[in-house]
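Inspection log for the structure reproduced underneath, given as structure tokens.
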Amino acid sequence: MTQHVVTRWYRAPEVILRKRDYTTAIDVWSVACVIAEMFPLLSESKDVRAKRKVLFPGKSSWGMSPVSYETYNTDTDFMANGQMMVILDVLGTPTQAQICKVQDRQARQMLEKLRPRPPVDFEKLFPSADSQALDLVRKMLSLIHI
């Protein structure tokens, strides 16, 4: 399997963190990203619909596509610019139990350096979305598979 099989913004955390097994959870993640991006289209407001954007617009994907190979630095690419940090800014940091399951030693060490942060409230992020739809997307965007 190549690790560059998905567009960065739809890349599941397990791919970013170099998990070796490709499961359907990776595809489910990508679908959830697209569904979440469509939530603003449910709004009555043209302004809200016009502001539709990518859910996880990272600038690089640690270990795969850094912002610049000339200035590539593992810690900086992961912590400041990386797709994984954009994801964690929305979903919150993984638990210690989840981090322990990360197969790649370097990825695990990066996650262990993070300060805990809470998840963003999806109801505030997508006020026009149905609560059941939000619950479904929240479950599809789970970090339990890392």
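In the structure tokens, each chain is lettered A, B, ... as it comes, each chain's residues begin at 1, and ligands are numbered from 1 in order of appearance.
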
Could you build a table of the residues in region 7-44 of chain A lying no more than 9 Å from region 111-127 of chain A, giving for each the nearest pair of atoms and their separation in Å rounded to one decimal place, using only C-alpha atoms, ordered by chain and ascending residue number, as a tab-separated table?
residue	atom	partner	partner_atom	distance
A:Ala36	CA	A:Phe126	CA	8.1
A:Phe39	CA	A:Phe126	CA	6.5
A:Pro40	CA	A:Phe126	CA	6.8
A:Ser43	CA	A:Pro127	CA	8.4

- Task: Just the residues within 12 Å of Ala97 (chain A), please, counting only C-alpha atoms, with nothing from its chain fewer than 6 positions along; format it as a PyMOL selection string.
- Result: chain A and resi 108+111-112+143-146

- Message: Can you tell me which residues surround Ala12 (chain A) at a distance of at most 7 Å, considering only C-alpha atoms, apart from same-chain residues fewer than 3 positions away, and format the answer as a PyMOL selection string?
- Response: chain A and resi 15-16+26+29-30

Can I get the selection written as a CSV table (one decimal), in the first residue's frame, with N, CA, C and O atoms?
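To be explicit, this is the file written out as selection17.csv:
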chain,number,residue,atom,x,y,z
A,15,VAL,N,-3.6,6.7,8.5
A,15,VAL,CA,-2.6,6.7,7.3
A,15,VAL,C,-1.5,7.7,7.7
A,15,VAL,O,-0.3,7.4,7.5
A,16,ILE,N,-1.9,8.9,8.2
A,16,ILE,CA,-0.9,9.9,8.6
A,16,ILE,C,0.1,9.3,9.6
A,16,ILE,O,1.3,9.5,9.6
A,26,ILE,N,-10.6,3.8,7.1
A,26,ILE,CA,-9.9,4.9,6.4
A,26,ILE,C,-10.9,5.5,5.3
A,26,ILE,O,-10.9,6.7,5.2
A,29,TRP,N,-13.6,7.5,7.1
A,29,TRP,CA,-13.1,8.8,7.6
A,29,TRP,C,-13.3,9.8,6.4
A,29,TRP,O,-13.8,10.9,6.6
A,30,SER,N,-12.8,9.4,5.2
A,30,SER,CA,-12.9,10.3,4.1
A,30,SER,C,-14.3,10.7,3.7
A,30,SER,O,-14.6,11.9,3.5

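Note that CA of Ala129 (chain A) and CA of Val34 (chain A) are 13.7 Å apart.
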
- CA of Gly92 (chain A) sits from CA of Ser45 (chain A) at a separation of 29.0 Å

- Message: Applying 8 Å and only C-alpha atoms, which residues near Trp9 (chain A) remain after dropping the ones on its own chain fewer than 6 positions away? List them as a list in words.
- Response: Val54, Leu55, Phe56, Pro57, Gly58 and Gln83 of chain A

- Suppose you want the space between CA of Arg11 (chain A) and CA of Val137 (chain A); what is it in Å?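 For CA of Arg11 (chain A) relative to CA of Val137 (chain A), the distance reads 15.2 Å.
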
- Message: Which residue is closest to Thr93 (chain A)? Choose from A:Ser128, A:Ser142, A:Asp135, A:Arg8 and count only C-alpha atoms.
- Response: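 Of A:Ser128, A:Ser142, A:Asp135, A:Arg8, the one nearest Thr93 (chain A) is A:Ser142, counting only C-alpha atoms.
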
- Query: With distances taken over only C-alpha atoms, which of A:Glu14, A:Val90, A:Ala32, A:Thr24 is nearest to Leu136 (chain A)?
  - Reply: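 Result for the nearest residue to Leu136 (chain A): A:Ala32.
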
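Excluding Arg18 (chain A) itself and same-chain residues fewer than 4 positions from it, the residues having an atom within 8 Å of it are Gln3, Glu14, Gln103, Asp104 and Ala107 of chain A, counting only C-alpha atoms.
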
- Query: How would you write, as a PyMOL selection string, the set of residues in chain A that DSSP gives as helix (DSSP H, G or I)?
  - Reply: chain A and resi 8-10+13-16+24-42+46-50+74-81+83-91+96-100+105-112+122-125+131-140

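Residue nearest Lys139 (chain A), chosen from A:Leu91, A:Met85, A:Pro13, A:Ser60 and counting only C-alpha atoms: A:Leu91.
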